[in-house]
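protein_0.tsv (TSV, C-alpha atoms and all ligand atoms) appears below.
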chain	number	residue	atom	x	y	z
W	148	MET	CA	-20.11	97.06	41.55
W	149	ARG	CA	-21.81	99.35	44.01
W	150	VAL	CA	-19.65	99.32	47.16
W	151	LEU	CA	-21.38	100.65	50.28
W	152	ILE	CA	-19.16	101.02	53.34
W	153	CYS	CA	-21.24	101.52	56.48
W	154	LYS	CA	-19.86	102.84	59.75
W	155	ASP	CA	-20.43	99.63	61.70
W	156	GLU	CA	-22.02	96.20	61.53
W	157	ALA	CA	-25.44	97.40	62.70
W	158	SER	CA	-25.63	100.02	59.92
W	159	ALA	CA	-24.50	97.45	57.33
W	160	ILE	CA	-27.24	95.07	58.49
W	161	ALA	CA	-29.84	97.86	58.36
W	162	ARG	CA	-28.70	98.89	54.88
W	163	ALA	CA	-28.89	95.31	53.55
W	164	ALA	CA	-32.29	94.66	55.19
W	165	ASP	CA	-33.74	97.87	53.72
W	166	HIS	CA	-32.43	96.85	50.29
W	167	ILE	CA	-34.22	93.50	50.53
W	168	ALA	CA	-37.42	95.08	51.87
W	169	GLU	CA	-37.45	97.64	49.03
W	170	HIS	CA	-36.93	94.85	46.50
W	171	MET	CA	-39.83	92.89	48.00
W	172	ALA	CA	-42.07	95.95	47.95
W	173	GLN	CA	-41.31	96.62	44.27
W	174	ARG	CA	-42.06	93.12	42.97
W	175	SER	CA	-45.08	90.90	43.39
W	176	ASP	CA	-43.16	87.96	41.87
W	177	CYS	CA	-40.11	88.24	44.11
W	178	VAL	CA	-37.75	85.24	44.08
W	179	LEU	CA	-35.13	85.63	46.78
W	180	GLY	CA	-31.89	83.68	46.76
W	181	LEU	CA	-30.92	83.19	50.39
W	182	ALA	CA	-27.62	82.58	52.15
W	183	THR	CA	-26.54	81.06	55.46
W	184	GLY	CA	-23.60	81.64	57.81
W	185	GLY	CA	-23.04	83.79	60.89
W	186	THR	CA	-23.07	87.06	58.92
W	187	MET	CA	-26.69	86.52	57.92
W	188	LEU	CA	-28.08	85.88	61.41
W	189	PRO	CA	-28.41	89.56	62.45
W	190	LEU	CA	-29.77	90.36	58.97
W	191	TYR	CA	-32.53	87.77	59.37
W	192	ARG	CA	-33.26	89.12	62.87
W	193	ARG	CA	-33.70	92.55	61.31
W	194	LEU	CA	-36.00	91.18	58.59
W	195	ILE	CA	-38.10	89.51	61.30
W	196	ARG	CA	-38.44	92.92	63.00
W	197	LEU	CA	-39.46	94.49	59.67
W	198	HIS	CA	-42.02	91.68	59.30
W	199	ALA	CA	-43.45	92.60	62.72
W	200	ASP	CA	-43.80	96.15	61.33
W	201	GLY	CA	-45.72	94.92	58.27
W	202	LEU	CA	-43.24	93.44	55.75
W	203	SER	CA	-44.94	90.38	54.29
W	204	PHE	CA	-43.18	87.32	52.87
W	205	ALA	CA	-46.48	85.70	51.86
W	206	SER	CA	-45.90	85.93	48.12
W	207	VAL	CA	-42.12	85.46	48.18
W	208	THR	CA	-40.41	82.39	46.73
W	209	THR	CA	-36.98	81.49	48.13
W	210	PHE	CA	-34.06	79.37	46.96
W	211	ASN	CA	-31.10	78.82	49.26
W	212	LEU	CA	-27.60	78.65	47.89
W	213	ASP	CA	-26.51	75.32	49.27
W	214	GLU	CA	-26.80	72.35	51.61
W	215	TYR	CA	-24.38	69.79	53.05
W	216	ILE	CA	-24.49	66.37	51.44
W	217	GLY	CA	-25.50	63.69	53.94
W	218	LEU	CA	-27.55	65.92	56.23
W	219	ALA	CA	-31.32	65.40	56.37
W	220	PRO	CA	-33.48	68.54	56.69
W	221	ASP	CA	-34.05	67.88	60.41
W	222	HIS	CA	-30.31	67.60	61.21
W	223	PRO	CA	-29.60	70.53	63.58
W	224	ALA	CA	-26.60	71.72	61.54
W	225	SER	CA	-28.34	71.44	58.15
W	226	TYR	CA	-29.09	74.64	56.29
W	227	HIS	CA	-32.75	73.55	56.26
W	228	SER	CA	-32.69	73.78	60.09
W	229	TYR	CA	-30.70	77.02	60.00
W	230	MET	CA	-33.27	78.68	57.74
W	231	ARG	CA	-36.25	77.54	59.82
W	232	LYS	CA	-34.64	78.78	63.04
W	233	ALA	CA	-33.18	81.99	61.62
W	234	LEU	CA	-36.09	83.17	59.46
W	235	PHE	CA	-38.83	80.89	58.14
W	236	ASP	CA	-40.42	80.04	61.51
W	237	HIS	CA	-40.75	83.75	62.33
W	238	VAL	CA	-42.29	85.23	59.18
W	239	ASP	CA	-45.35	84.53	57.02
W	240	VAL	CA	-43.44	82.78	54.22
W	241	ASP	CA	-45.34	79.87	52.63
W	242	PRO	CA	-43.17	76.78	53.41
W	243	SER	CA	-44.10	75.27	50.04
W	244	ARG	CA	-42.40	78.24	48.34
W	245	THR	CA	-39.10	77.80	50.21
W	246	HIS	CA	-36.47	75.68	48.49
W	247	LEU	CA	-33.14	74.18	49.53
W	248	PRO	CA	-31.27	71.30	47.91
W	249	ARG	CA	-31.86	68.01	49.72
W	250	GLY	CA	-28.57	66.96	51.28
W	251	ASP	CA	-29.95	63.48	51.92
W	252	ALA	CA	-31.10	62.86	48.32
W	253	ALA	CA	-30.41	59.30	47.17
W	254	ASP	CA	-28.89	60.73	43.98
W	255	PRO	CA	-27.21	64.08	44.80
W	256	VAL	CA	-26.12	64.60	41.19
W	257	ALA	CA	-29.74	64.37	40.01
W	258	GLU	CA	-30.84	66.54	42.94
W	259	ALA	CA	-28.40	69.27	41.87
W	260	ALA	CA	-29.65	69.21	38.27
W	261	ASP	CA	-33.25	69.26	39.47
W	262	TYR	CA	-32.54	72.22	41.77
W	263	GLU	CA	-31.12	74.21	38.86
W	264	ALA	CA	-34.24	73.35	36.82
W	265	ARG	CA	-36.54	74.39	39.68
W	266	ILE	CA	-34.84	77.80	39.85
W	267	ALA	CA	-35.35	78.23	36.10
W	268	ARG	CA	-39.02	77.15	36.35
W	269	SER	CA	-39.63	79.77	39.04
W	270	GLY	CA	-38.67	82.44	36.50
W	271	GLY	CA	-35.17	82.90	37.96
W	272	ILE	CA	-33.88	84.63	41.06
W	273	SER	CA	-34.74	88.31	41.26
W	274	LEU	CA	-32.40	89.14	44.18
W	275	GLN	CA	-29.59	86.86	45.33
W	276	LEU	CA	-28.29	87.44	48.84
W	277	LEU	CA	-24.68	86.36	49.39
W	278	GLY	CA	-22.03	86.17	52.06
W	279	VAL	CA	-18.38	85.51	51.31
W	280	GLY	CA	-16.04	82.90	52.74
W	281	ARG	CA	-12.62	83.90	54.04
W	282	ASN	CA	-11.13	82.18	50.98
W	283	GLY	CA	-13.40	84.10	48.59
W	284	HIS	CA	-16.06	81.42	48.15
W	285	ILE	CA	-19.71	82.27	47.45
W	286	GLY	CA	-22.30	79.61	48.21
W	287	PHE	CA	-19.96	76.65	48.51
W	288	ASN	CA	-18.06	77.49	45.32
W	289	GLU	CA	-14.56	76.98	46.59
W	290	PRO	CA	-11.48	78.53	44.92
W	291	THR	CA	-10.95	77.31	41.33
W	292	SER	CA	-14.69	76.70	40.84
W	293	SER	CA	-15.71	77.29	37.26
W	294	LEU	CA	-17.07	80.81	36.97
W	295	ALA	CA	-19.76	79.40	34.63
W	296	SER	CA	-20.75	76.49	36.89
W	297	PRO	CA	-24.35	75.34	37.42
W	298	THR	CA	-25.72	73.82	40.65
W	299	ARG	CA	-23.57	70.78	41.40
W	300	ILE	CA	-21.60	68.93	44.05
W	301	LYS	CA	-18.47	70.58	45.43
W	302	THR	CA	-15.76	69.22	47.70
W	303	LEU	CA	-15.27	71.55	50.66
W	304	THR	CA	-11.83	72.83	51.64
W	305	GLU	CA	-10.47	72.02	55.08
W	306	SER	CA	-10.52	75.74	55.95
W	307	THR	CA	-14.23	76.01	55.10
W	308	ARG	CA	-15.02	72.90	57.15
W	309	ARG	CA	-13.05	74.36	60.10
W	310	ALA	CA	-14.84	77.72	59.78
W	311	ASN	CA	-18.22	75.93	59.94
W	312	GLN	CA	-17.28	73.55	62.80
W	313	PRO	CA	-19.03	75.75	65.44
W	314	TYR	CA	-22.41	74.83	63.92
W	315	PHE	CA	-21.75	71.14	64.60
W	316	GLY	CA	-21.55	69.24	67.87
W	317	SER	CA	-18.11	68.54	69.35
W	318	ASP	CA	-18.41	64.87	68.33
W	319	GLU	CA	-19.21	65.74	64.71
W	320	THR	CA	-17.31	67.31	61.82
W	321	PRO	CA	-18.89	69.17	58.90
W	322	PRO	CA	-19.50	66.97	55.84
W	323	GLY	CA	-16.87	67.02	53.11
W	324	TYR	CA	-19.28	67.72	50.25
W	325	ALA	CA	-22.14	70.09	49.49
W	326	ILE	CA	-24.70	70.76	46.78
W	327	THR	CA	-24.31	74.41	45.82
W	328	MET	CA	-25.69	76.77	43.25
W	329	GLY	CA	-22.85	77.36	40.81
W	330	VAL	CA	-21.15	80.67	40.13
W	331	GLY	CA	-23.01	80.68	36.80
W	332	THR	CA	-26.32	80.13	38.64
W	333	ILE	CA	-25.54	83.07	40.92
W	334	LEU	CA	-24.59	85.31	38.00
W	335	SER	CA	-27.97	84.50	36.38
W	336	ALA	CA	-29.80	86.28	39.22
W	337	ARG	CA	-31.17	89.62	38.08
W	338	GLU	CA	-29.54	91.35	41.04
W	339	CYS	CA	-26.99	90.36	43.72
W	340	LEU	CA	-26.52	91.72	47.24
W	341	LEU	CA	-23.39	90.62	49.09
W	342	LEU	CA	-23.01	91.35	52.80
W	343	ALA	CA	-19.63	91.06	54.56
W	344	THR	CA	-18.79	92.25	58.06
W	345	GLY	CA	-15.73	91.99	60.30
W	346	SER	CA	-11.98	92.04	59.72
W	347	ALA	CA	-11.80	88.29	58.96
W	348	LYS	CA	-13.40	89.07	55.58
W	349	ALA	CA	-11.18	92.03	54.65
W	350	ASN	CA	-8.77	90.10	52.40
W	351	ALA	CA	-11.55	88.23	50.62
W	352	VAL	CA	-13.46	91.49	50.08
W	353	ALA	CA	-10.40	93.23	48.59
W	354	ALA	CA	-9.80	90.30	46.22
W	355	MET	CA	-13.48	90.21	45.27
W	356	VAL	CA	-13.86	93.94	44.56
W	357	GLU	CA	-10.41	95.02	43.38
W	358	GLY	CA	-8.58	91.84	42.40
W	359	PRO	CA	-8.62	90.26	38.98
W	360	VAL	CA	-11.66	88.21	37.97
W	361	ALA	CA	-10.26	84.80	38.73
W	362	ALA	CA	-11.58	81.38	39.70
W	363	VAL	CA	-9.15	81.39	42.62
W	364	CYS	CA	-11.52	83.96	44.18
W	365	PRO	CA	-15.00	82.89	43.00
W	366	ALA	CA	-16.60	86.03	44.51
W	367	SER	CA	-14.61	88.13	42.00
W	368	ALA	CA	-16.98	86.82	39.30
W	369	LEU	CA	-19.49	89.34	40.67
W	370	GLN	CA	-17.44	92.02	38.87
W	371	MET	CA	-19.05	90.60	35.72
W	372	HIS	CA	-22.58	91.08	37.07
W	373	ALA	CA	-24.25	94.34	36.03
W	374	ARG	CA	-26.29	94.80	39.23
W	375	THR	CA	-24.29	93.86	42.29
W	376	THR	CA	-24.32	95.77	45.57
W	377	VAL	CA	-21.66	94.98	48.18
W	378	VAL	CA	-22.56	96.10	51.70
W	379	LEU	CA	-19.65	96.24	54.16
W	380	ASP	CA	-18.81	97.52	57.59
W	381	ARG	CA	-15.54	99.44	58.00
W	382	ASP	CA	-13.70	96.37	59.34
W	383	ALA	CA	-14.43	94.35	56.21
W	384	ALA	CA	-13.30	97.27	54.02
W	385	THR	CA	-9.79	97.81	55.42
W	386	GLU	CA	-7.79	95.92	52.77
W	387	MET	CA	-9.25	97.69	49.73
W	388	LYS	CA	-7.21	100.43	48.05
W	389	LEU	CA	-9.99	102.65	46.69
W	390	THR	CA	-11.96	103.16	49.92
W	391	ASP	CA	-11.73	106.98	49.63
W	392	TYR	CA	-13.52	106.73	46.29
W	393	TYR	CA	-16.24	104.42	47.65
W	394	HIS	CA	-16.82	106.83	50.57
W	395	HIS	CA	-16.93	109.75	48.11
W	396	VAL	CA	-19.52	108.05	45.88
W	397	HIS	CA	-21.59	106.61	48.72
W	398	PRO	CA	-21.04	108.69	51.90
W	399	ASP	CA	-21.82	106.56	54.99
W	400	GLY	CA	-22.82	103.72	52.67
W	401	GLU	CA	-25.79	105.65	51.27
W	402	ALA	CA	-27.09	104.15	48.03
W	403	THR	CA	-26.79	107.35	45.98
W	404	ARG	CA	-28.36	107.61	42.54
W	405	PHE	CA	-25.15	107.30	40.51
W	406	ASP	CA	-22.29	104.93	41.11
T	1	LIG	C1	-20.69	79.10	54.39
T	1	LIG	C2	-21.82	79.34	53.40
T	1	LIG	C3	-21.60	80.64	52.63
T	1	LIG	C4	-21.28	81.77	53.58
T	1	LIG	C5	-20.00	81.44	54.31
T	1	LIG	C6	-19.54	82.53	55.25
T	1	LIG	O1	-19.57	78.51	53.81
T	1	LIG	N1	-21.97	78.26	52.46
T	1	LIG	O2	-22.77	80.93	51.88
T	1	LIG	O3	-21.13	82.97	52.89
T	1	LIG	O4	-20.26	80.27	55.06
T	1	LIG	O5	-20.13	82.37	56.49
T	1	LIG	P1	-19.98	83.34	57.72
T	1	LIG	O6	-20.97	84.40	57.51
T	1	LIG	O7	-20.33	82.46	58.91
T	1	LIG	O8	-18.59	83.82	57.74

Turn this file's structure into structure tokens for me.
Ligand code: GLP
Amino acid sequence: MRVLICKDEASAIARAADHIAEHMAQRSDCVLGLATGGTMLPLYRRLIRLHADGLSFASVTTFNLDEYIGLAPDHPASYHSYMRKALFDHVDVDPSRTHLPRGDAADPVAEAADYEARIARSGGISLQLLGVGRNGHIGFNEPTSSLASPTRIKTLTESTRRANQPYFGSDETPPGYAITMGVGTILSARECLLLATGSAKANAVAAMVEGPVAAVCPASALQMHARTTVVLDRDAATEMKLTDYYHHVHPDGEATRFD
């Protein structure tokens, strides 16, 4: 794992955005795996600014990690809505190349299998963007998810539903189930980029980077991926033990040539 510790949130966002922009510039057949959550909002704002400066999404294909079961694409708290508001409506991406699982599918099991097949048909994800939940989840792969799992339905933990309550109205609670890319799906991406900021993520980050590879922390499966970059601010890095080493290898979170 390449662990980049940036001095603050703004530098972490800039580092992650530059990584994505460089990836897009290097590949004409770029397939981005996209993530949702509060952490990603400033990153998408930064990508929109880069778009204003010339970064084009016109030939990019996107696949989001997950969607709540029961929410139609026009539900304000759906990840479809999130992506339109946070990114898609502000860049030149072709809407027909953007993909999210349909939370309102009549048969969510079939929808999950079809989503996995669509990812494979696209040629596979070239760069998967990820956040991490406070309990170590990636996508909606909650603790004890199979580390080889494909896209499927997962039952959300109460803590994850509570953490996502702010996106819902006061008279509404987050759904109990989601369709999510599996940990195996995520590990099939050619490259992964995980962004975590703020002290609330410090324990999950330490377990992910320095803990054992274990289903109880699904993000730890990224230790088995040959090309994963973890971009952190200092607050998210406080619980790791080898921070001096990460700073030595990557001063100020610079992506130096050798890890
Ligand atoms: C949700 C998403 C995850 C995301 C996580 C953390 O559960 N399914 O993909 O990483 O939230 O979100 P936040 O950035 O708001 O802490």

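Using only C-alpha atoms and all ligand atoms, the shortest contact distance between ligand LIG 1 (chain T) and any of W:Thr344, W:Gln370, W:Ser273, W:Ser228 is found at W:Thr344.
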
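Distance check against ligand LIG 1 (chain T) using all atoms listed in the file: of W:Pro189, W:Pro255, W:Gly286, W:Gly271, the minimum falls on W:Gly286.
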
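The shortest atom-to-atom distance to Ala163 (chain W), with all atoms listed in the file taken into account, belongs to W:Thr186 out of W:Thr320, W:Ser243, W:Thr186, W:Ser206.
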
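Among all protein and nucleic acid residues, the ones that lie within 6 Å of ligand LIG 1 (chain T) when counting only C-alpha atoms and all ligand atoms are Ala182, Thr183, Gly184, Gly185, Thr186, Gly278, Val279, Gly280, Ile285, Gly286 and Phe287 of chain W.
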
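Residues surrounding Gly217 (chain W) within 9 Å are Tyr215, Ala219, Arg249, Gly250, Asp251, Ala252, Pro322, Tyr324 and Ala325 of chain W [all atoms listed in the file; sequence separation below 2 positions excluded].
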
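For the set W:Asp200, W:Asp261, W:Glu289, W:Glu214, the residue with the smallest atom-to-atom gap to Val363 (chain W) is W:Glu289, counting only C-alpha atoms.
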
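Among the candidate residues W:Ser335, W:Ser317, W:Ser269, W:Thr390, the one lying nearest to Val356 (chain W) is W:Thr390, with distances computed using all atoms listed in the file.
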
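Nearest residue to Ala343 (chain W), choosing from W:Ser292, W:Ser203, W:Thr327, W:Thr376 and counting all atoms listed in the file: W:Thr376.
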